[in-house]
Every structure is written in structure tokens, then in C-alpha cells.
>>> print(open('input-v5.cif').read())   # mmCIF, C-alpha atoms
data_protein
loop_
_atom_site.label_atom_id
_atom_site.label_comp_id
_atom_site.auth_asym_id
_atom_site.auth_seq_id
_atom_site.Cartn_x
_atom_site.Cartn_y
_atom_site.Cartn_z
CA MET A 264 -7.37 17.94 -59.91
CA ILE A 265 -6.14 18.49 -56.36
CA GLY A 266 -7.33 21.72 -54.76
CA LEU A 267 -4.56 23.97 -53.46
CA ILE A 268 -4.76 24.83 -49.79
CA LYS A 269 -3.42 27.65 -47.62
CA CYS A 270 -1.81 27.50 -44.17
CA GLN A 271 -5.12 27.79 -42.29
CA GLU A 272 -6.53 24.68 -43.96
CA ALA A 273 -3.15 22.90 -43.83
CA SER A 274 -2.95 23.45 -40.06
CA ARG A 275 -6.51 22.20 -39.67
CA ARG A 276 -5.65 19.01 -41.57
CA LEU A 277 -2.40 18.55 -39.63
CA SER A 278 -4.39 18.71 -36.42
CA ARG A 279 -7.13 16.42 -37.77
CA GLN A 280 -4.50 13.90 -38.83
CA LEU A 281 -3.67 13.35 -35.17
CA GLU A 282 -7.22 12.10 -34.65
CA GLU A 283 -7.86 10.09 -37.81
CA PRO A 284 -6.26 9.39 -41.20
CA LEU A 285 -7.07 11.91 -43.93
CA GLY A 286 -8.65 10.87 -47.23
CA PRO A 287 -6.16 10.43 -50.10
CA ARG A 288 -7.06 13.71 -51.84
CA GLN A 289 -6.91 15.69 -48.59
CA LYS A 290 -3.56 14.13 -47.78
CA LEU A 291 -2.12 14.81 -51.21
CA ALA A 292 -3.07 18.49 -51.07
CA LEU A 293 -1.53 18.70 -47.59
CA THR A 294 1.71 17.05 -48.74
CA ALA A 295 1.90 19.48 -51.66
CA HIS A 296 1.41 22.43 -49.31
CA LEU A 297 4.05 21.17 -46.85
CA ALA A 298 6.55 20.86 -49.69
CA ILE A 299 6.43 24.62 -50.20
CA CYS A 300 5.68 25.94 -46.68
CA SER A 301 8.35 25.86 -43.95
CA HIS A 302 5.94 27.41 -41.39
CA CYS A 303 3.49 24.55 -41.75
CA ARG A 304 6.31 21.99 -41.64
CA ARG A 305 7.34 23.48 -38.31
CA PHE A 306 3.76 23.51 -37.08
CA SER A 307 3.53 19.84 -38.03
CA ARG A 308 6.65 18.97 -36.00
CA GLN A 309 5.49 21.06 -33.05
CA VAL A 310 2.04 19.50 -32.73
CA ARG A 311 3.71 16.09 -32.73
CA ILE A 312 6.02 17.22 -29.93
CA LEU A 313 2.97 18.39 -27.99
CA ARG A 314 1.33 14.99 -28.55
CA LYS A 315 4.44 13.22 -27.27
CA ALA A 316 4.76 15.49 -24.21
CA PHE A 317 1.14 15.22 -23.07
CA ARG A 318 0.93 11.47 -23.71
CA ARG A 319 4.01 11.08 -21.52
CA LEU A 320 2.15 12.90 -18.73
CA GLY A 321 -0.62 10.31 -18.88
CA LYS A 322 1.72 7.36 -18.36
CA ASP A 323 1.59 5.75 -14.92
CA ASP A 324 5.35 5.34 -14.68
CA PHE A 325 6.13 8.94 -15.64
CA GLU A 326 7.05 11.28 -12.80
CA ALA A 327 5.14 14.31 -14.03
CA PRO A 328 7.00 17.52 -13.17
CA LYS A 329 5.39 19.43 -10.32
CA PRO A 330 2.88 21.88 -11.79
CA MET B 21 -1.48 -12.33 3.76
CA PRO B 22 -3.90 -9.46 2.97
CA ALA B 23 -2.71 -5.96 3.82
CA THR B 24 -4.13 -4.57 7.03
CA THR B 25 -6.14 -1.33 7.17
CA PRO B 26 -3.32 0.92 8.42
CA ASP B 27 -1.02 -0.59 5.72
CA ILE B 28 -3.48 0.34 2.99
CA GLU B 29 -4.09 3.82 4.41
CA LEU B 30 -0.36 4.40 4.41
CA HIS B 31 0.02 3.00 0.93
CA LEU B 32 -2.74 5.23 -0.47
CA ALA B 33 -1.30 8.27 1.29
CA GLU B 34 2.06 7.61 -0.38
CA HIS B 35 0.41 8.02 -3.77
CA ARG B 36 -1.16 11.37 -2.89
CA PRO B 37 1.63 13.69 -4.20
CA TRP B 38 1.70 11.80 -7.51
CA LEU B 39 -2.10 11.94 -7.80
CA LEU B 40 -2.06 15.65 -7.06
CA ARG B 41 0.43 16.31 -9.87
CA GLN B 42 -1.64 14.17 -12.23
CA ALA B 43 -4.82 16.04 -11.28
CA ARG B 44 -3.20 19.48 -11.71
CA TRP B 45 -1.90 18.67 -15.18
CA ARG B 46 -5.31 17.40 -16.21
CA LEU B 47 -7.16 20.40 -14.82
CA GLY B 48 -5.03 23.22 -16.31
CA ALA B 49 -6.54 26.58 -15.27
CA GLU B 50 -8.85 24.73 -12.86
CA ALA B 51 -5.91 23.32 -10.86
CA SER B 52 -7.37 24.76 -7.64
CA ALA B 53 -9.92 21.92 -7.80
CA ALA B 54 -7.11 19.32 -7.69
CA ASP B 55 -7.15 18.90 -3.90
CA ASP B 56 -10.87 18.06 -3.87
CA VAL B 57 -10.55 15.73 -6.85
CA VAL B 58 -7.68 13.85 -5.19
CA GLN B 59 -9.60 13.58 -1.91
CA GLU B 60 -12.57 12.13 -3.77
CA THR B 61 -10.20 9.74 -5.56
CA LEU B 62 -8.70 8.52 -2.29
CA ILE B 63 -12.13 8.06 -0.70
CA ALA B 64 -13.29 6.01 -3.71
CA ALA B 65 -10.02 4.04 -3.62
CA TRP B 66 -10.49 3.34 0.05
CA SER B 67 -14.03 2.05 -0.59
CA GLY B 68 -12.94 -0.09 -3.51
CA VAL B 69 -9.77 -1.50 -2.05
CA ALA B 70 -11.58 -4.44 -0.40
CA ASN B 71 -12.35 -5.84 -3.87
CA LEU B 72 -8.81 -5.37 -5.08
CA ARG B 73 -6.35 -8.25 -5.35
CA GLY B 74 -2.98 -7.04 -4.17
CA GLU B 75 -1.92 -3.51 -3.38
CA PRO B 76 -3.42 -0.47 -5.09
CA THR B 77 -1.30 0.49 -8.10
CA ARG B 78 -0.85 3.84 -9.83
CA GLY B 79 -2.75 2.51 -12.84
CA TRP B 80 -5.75 1.61 -10.70
CA LEU B 81 -5.67 4.97 -8.89
CA ALA B 82 -5.24 6.89 -12.17
CA GLY B 83 -8.39 5.19 -13.48
CA ILE B 84 -10.35 6.45 -10.46
CA LEU B 85 -8.78 9.91 -10.79
CA ARG B 86 -9.88 10.18 -14.42
CA HIS B 87 -13.47 9.49 -13.39
CA LYS B 88 -13.31 12.05 -10.58
CA VAL B 89 -11.91 14.73 -12.91
CA ALA B 90 -14.76 14.01 -15.34
CA ASP B 91 -17.27 14.23 -12.44
CA HIS B 92 -15.85 17.65 -11.58
CA TRP B 93 -16.25 18.79 -15.18
CA ARG B 94 -19.86 17.61 -15.24
CA ARG B 95 -20.58 19.52 -12.02
CA VAL B 96 -18.85 22.74 -13.06
CA PRO B 97 -19.63 23.85 -16.63
CA PRO B 98 -16.92 25.91 -18.34
CA THR B 99 -17.69 29.62 -18.43
CA ASP B 100 -15.85 30.23 -21.69
CA SER B 101 -17.17 27.51 -24.02
CA SER B 102 -18.41 29.76 -26.82
CA ASP B 103 -15.37 32.09 -26.69
CA SER B 104 -13.05 29.12 -27.09
CA ILE B 105 -14.74 28.03 -30.26
CA GLU B 106 -15.40 31.37 -31.87
CA CYS B 107 -12.09 33.17 -31.42
CA GLY B 108 -9.06 32.25 -33.45
CA GLY B 109 -9.17 34.50 -36.51
CA GLU B 110 -6.02 36.25 -35.29
CA ASP B 111 -3.78 33.29 -36.15
CA PHE B 112 -4.15 33.69 -39.92
CA ASP B 113 -4.31 36.70 -42.22
CA GLU B 114 -7.13 37.35 -44.66
CA THR B 115 -5.39 35.26 -47.33
CA GLY B 116 -5.25 32.16 -45.09
CA HIS B 117 -1.50 32.36 -44.35
CA TRP B 118 -0.02 32.39 -40.84
CA ALA B 119 -0.33 35.86 -39.34
CA PHE B 120 3.04 35.36 -37.59
CA LYS B 121 6.31 33.53 -38.12
CA VAL B 122 6.24 29.90 -37.00
CA ALA B 123 9.79 29.66 -35.66
CA ASP B 124 11.85 26.52 -35.31
CA TRP B 125 12.04 24.83 -31.87
CA GLY B 126 15.20 22.94 -32.68
CA ASP B 127 15.71 19.20 -32.45
CA PRO B 128 12.32 17.58 -31.64
CA GLU B 129 14.07 14.64 -30.00
CA LYS B 130 15.84 16.88 -27.48
CA ILE B 131 13.13 19.36 -26.59
CA LEU B 132 11.32 17.18 -24.05
CA GLU B 133 14.54 16.84 -22.10
CA ALA B 134 15.44 20.54 -22.36
CA GLU B 135 15.65 22.49 -19.13
CA GLY B 136 12.59 24.63 -18.58
CA PHE B 137 10.38 22.93 -21.18
CA TRP B 138 7.98 21.28 -18.73
CA GLY B 139 7.64 24.44 -16.64
CA ILE B 140 6.70 26.44 -19.72
CA LEU B 141 4.32 23.72 -20.87
CA ASN B 142 2.59 23.83 -17.52
CA LEU B 143 2.39 27.62 -17.51
CA CYS B 144 0.88 27.56 -20.99
CA SER B 145 -1.62 24.84 -20.12
CA LYS B 146 -2.84 26.94 -17.19
CA ILE B 147 -3.69 29.95 -19.36
CA MET B 148 -5.68 27.94 -21.87
CA PRO B 149 -9.45 28.58 -21.97
CA VAL B 150 -11.17 26.03 -19.74
CA ALA B 151 -13.51 24.49 -22.35
CA MET B 152 -10.61 24.14 -24.78
CA TYR B 153 -8.24 22.57 -22.28
CA ARG B 154 -10.79 20.04 -21.06
CA VAL B 155 -11.09 18.62 -24.58
CA PHE B 156 -7.33 18.75 -25.07
CA SER B 157 -6.59 17.11 -21.71
CA LEU B 158 -8.89 14.14 -22.33
CA ARG B 159 -7.59 13.65 -25.85
CA GLU B 160 -3.89 14.19 -25.22
CA ILE B 161 -3.19 13.17 -21.61
CA ASP B 162 -5.73 10.37 -21.32
CA GLY B 163 -5.60 9.39 -24.99
CA LEU B 164 -9.39 9.13 -25.36
CA SER B 165 -10.80 9.01 -28.90
CA VAL B 166 -12.63 12.11 -30.14
CA SER B 167 -15.99 10.36 -29.80
CA GLU B 168 -15.17 9.40 -26.20
CA VAL B 169 -14.12 12.99 -25.46
CA CYS B 170 -17.40 14.25 -26.95
CA THR B 171 -19.49 11.85 -24.89
CA THR B 172 -17.64 12.67 -21.67
CA LEU B 173 -17.93 16.44 -22.09
CA GLY B 174 -21.21 16.67 -24.01
CA VAL B 175 -19.53 18.54 -26.88
CA SER B 176 -20.33 17.93 -30.55
CA GLU B 177 -17.70 16.15 -32.63
CA SER B 178 -17.17 19.13 -34.94
CA ASN B 179 -16.64 21.45 -31.95
CA CYS B 180 -14.18 18.93 -30.52
CA HIS B 181 -12.10 19.08 -33.68
CA VAL B 182 -12.20 22.89 -33.72
CA LEU B 183 -11.17 23.05 -30.07
CA LEU B 184 -8.30 20.61 -30.55
CA HIS B 185 -7.02 22.56 -33.56
CA ARG B 186 -7.26 25.87 -31.67
CA ALA B 187 -5.63 24.36 -28.58
CA ARG B 188 -2.63 23.15 -30.57
CA ILE B 189 -2.17 26.54 -32.25
CA ARG B 190 -2.46 28.33 -28.92
CA LEU B 191 -0.14 26.03 -27.01
CA ARG B 192 2.59 26.09 -29.62
CA GLY B 193 2.33 29.89 -29.80
CA CYS B 194 2.53 30.22 -26.01
CA ILE B 195 5.50 27.86 -25.71
CA GLY B 196 7.33 29.64 -28.53
CA SER B 197 6.78 33.08 -27.00
CA LYS B 198 7.89 32.04 -23.50
CA TRP B 199 10.87 30.14 -24.77
CA GLY B 200 12.01 32.97 -27.01
CA ARG B 201 11.37 30.85 -30.08
CA GLY B 202 8.00 32.20 -31.29
#
>>> encode(input="input-v5.cif", output="C-alpha cells")
Amino acid sequence: MIGLIKCQEASRRLSRQLEEPLGPRQKLALTAHLAICSHCRRFSRQVRILRKAFRRLGKDDFEAPKP
Amino acid sequence: MPATTPDIELHLAEHRPWLLRQARWRLGAEASAADDVVQETLIAAWSGVANLRGEPTRGWLAGILRHKVADHWRRVPPTDSSDSIECGGEDFDETGHWAFKVADWGDPEKILEAEGFWGILNLCSKIMPVAMYRVFSLREIDGLSVSEVCTTLGVSESNCHVLLHRARIRLRGCIGSKWGRG
């Protein structure tokens, strides 16, 4: 039986997933939640955009915009 | 033929604007410390250049800069460490759902090239709580693992995860609100 999760826990797992892979049960519950929640699907896309943006800043050949 | 002293001085000075931008992005709300951090970086680079084969590269300088930023963080403890971890209940309602609408940002492939995105990102990074942004900066800009971030900042692993989660929620909320796409 896979425990159902709410947005708060889903967002926590989406964040955690950027650090390390989730266990199979945790991942399954997250996938089930994402299937029904457009807000969390957007959050998932947005944290990946943030990852991409900040990693680009750390690259030696990237001309970081003037802060 | 090895580069002469004035050549190297000139070469290092040419990297200064780039180093300053790198330091400011890494420091967020503490960007006023960027000048000092870059000066320390250039002094260390100058001392180490004798052992270097070839000209100093951005990669080599960025490595020194990362150490100098970490030195700054060790010298100056964040004043808001407990606030950063404890707050955050406002993002979700009592049932665990988002307390606000998570709006669409449009095509993820295009957003990084969109006009104004980097300015907003910078503005939002500067209003992040210091303790939170330090963890985020090391993890996201420098790509350190969570355990490396924890060791560098002396933060527990569970707090690191909480801070990263909170930082992502905060940043996406700030970008959305300033871009009119909450």
C-alpha cells in the first residue's frame, strides 16, 4: 500500500530528488501525486529551471550577468 | 618563455570584473563583501602564480574564489540561521496543499533566455535569508554535494535539506511575483 501524499510532502520530495534518488515507494507516491496535481507539476519544472540557471552561473565560460 | 611580473599583474587584473560578478552571485544579500573577497582572491592568486604552469585561467581563479567565499562565511556567521529554518508554514495551508496558486512560467527551454529573467533572479537571490542562501549557493552554483555543503558551513544534513527546500520555494515564489507569473 502506497501512502498518499499532499503538496507539502510532494514539494519536499521534489526538492530532495535534486540531491539524491528517492526510494521506490517514495517515488511512486510522488508520481501518483504529480498525476493529479498541476501545481506540483509546475513546481517540479520550476525547481529544475532554477537548478539549470544557477549551475550555468557556476560555469567558467559563462558570462554571468552583472548583479 | 615564462610571463613576466607586469604581464601576470595585467592578466590577473583583466579577470577582476568577472571575479566580482562571480563573487556577488555567490554572496547574495552579502554582496557588499564581494570586493574584499575578490581582493583576497587576487592576492592568493598572485602568491600562487609562481607554481602555475602557463597563464592563470578562470577555472583556477574560480577555485581560489570559492575558498575565499567560504573563508568569509566562516568568519561572519549568519544572523538569521534559526529564522531560515523555522519559518515556512505560510507556503502550505493546514491540509498540506499549496497556500497559493503555482502559476505556469511558460516554456522552460526559453525562460533562461527571456529578457529580464537574470535581473529578477539576482534581485530574488539578494533578498534571500543569508543562512539559506549560503547553503543554496554552494549546492547550486558550485555544485557541491549536500555532505560537502554541510561540512563547509557546519550545518547538519537535515537542516541542509530543509534550507534547500525552503530556498527553492522562496525563489520560485519571488521570481513568479516579480515576473507577474506568481
>>> closest_residue(input="input-v5.cif", among="A:Leu281, A:Ala292, A:Gly286, A:Leu267", to="Leu313 of chain A", atoms="all atoms listed in the file")
A:Leu281
>>> atom_distance(input="input-v5.cif", atom1="atom CA of Val166 of chain B", atom2="atom CA of His181 of chain B")
7.8 Å
>>> atom_distance(input="input-v5.cif", atom1="atom CA of Ala51 of chain B", atom2="atom CA of Leu158 of chain B")
15.0 Å
>>> residues_around(input="input-v5.cif", residues="segment 56-62 of chain B", least_positions_apart="2", cutoff="7 Å", atoms="only C-alpha atoms", output="PDB file with C-alpha atoms, in the frame of the given file")
ATOM      1  CA  LEU B  39      -2.100  11.940  -7.800  1.00  0.00           C
ATOM      2  CA  LEU B  40      -2.060  15.650  -7.060  1.00  0.00           C
ATOM      3  CA  ALA B  53      -9.920  21.920  -7.800  1.00  0.00           C
ATOM      4  CA  ALA B  54      -7.110  19.320  -7.690  1.00  0.00           C
ATOM      5  CA  ALA B  64     -13.290   6.010  -3.710  1.00  0.00           C
ATOM      6  CA  ALA B  65     -10.020   4.040  -3.620  1.00  0.00           C
ATOM      7  CA  TRP B  66     -10.490   3.340   0.050  1.00  0.00           C
ATOM      8  CA  ILE B  84     -10.350   6.450 -10.460  1.00  0.00           C
ATOM      9  CA  LEU B  85      -8.780   9.910 -10.790  1.00  0.00           C
ATOM     10  CA  LYS B  88     -13.310  12.050 -10.580  1.00  0.00           C
ATOM     11  CA  VAL B  89     -11.910  14.730 -12.910  1.00  0.00           C
TER      12      VAL B  89
END
>>> closest_residue(input="input-v5.cif", among="B:Leu184, B:Leu132, B:Val169, B:Ile189", to="Arg319 of chain A", atoms="all atoms listed in the file")
B:Leu132
>>> closest_atom_pairs(input="input-v5.cif", of="chain A", to="chain B", cutoff="6 Å", atoms="all atoms listed in the file", output="tab-separated table")
residue	atom	partner	partner_atom	distance
A:Lys269	CA	B:Gly116	CA	5.5
A:Cys270	CA	B:His117	CA	4.9
A:Gln271	CA	B:Gly116	CA	5.2
A:Ser278	CA	B:His185	CA	5.5
A:His302	CA	B:Val122	CA	5.1
A:Phe317	CA	B:Ile161	CA	5.0
A:Arg318	CA	B:Ile161	CA	4.9
A:Gly321	CA	B:Ile161	CA	4.7
A:Asp323	CA	B:Gly79	CA	5.8
A:Lys329	CA	B:Arg41	CA	5.9
>>> atom_distance(input="input-v5.cif", atom1="atom CA of Val69 of chain B", atom2="atom CA of Asp27 of chain B")
11.7 Å
>>> residues_near_point(input="input-v5.cif", point="(-5.8, 14.9, -40.3)", cutoff="12 Å", atoms="only C-alpha atoms", output="list of chain:residue names")
A:Glu272, A:Ala273, A:Ser274, A:Arg275, A:Arg276, A:Leu277, A:Ser278, A:Arg279, A:Gln280, A:Leu281, A:Glu282, A:Glu283, A:Pro284, A:Leu285, A:Gly286, A:Pro287, A:Arg288, A:Gln289, A:Lys290, A:Leu291, A:Ala292, A:Leu293, A:Thr294, A:Ser307, A:Val310, B:His181, B:Leu184, B:His185
>>> closest_residue(input="input-v5.cif", among="A:Ala295, A:Ala327, A:Ile312, A:Ile268", to="Ile195 of chain B", atoms="all atoms listed in the file")
A:Ile312
>>> resolve_selection(input="input-v5.cif", expression="the PyMOL selection byres ((chain B and resi 90) around 10)", output="list in words")
Leu47, Val57, Leu85, Arg86, His87, Lys88, Val89, Asp91, His92, Trp93, Arg94, Arg95, Val96, Arg154, Leu158, Thr172 and Leu173 of chain B
>>> axis_aligned_box(input="input-v5.cif", around="segment 130-148 of chain B", padding_each_side="5 Å", output="JSON")
{"center_x": 5.1, "center_y": 23.4, "center_z": -22.1, "size_x": 31.5, "size_y": 23.1, "size_z": 20.8}
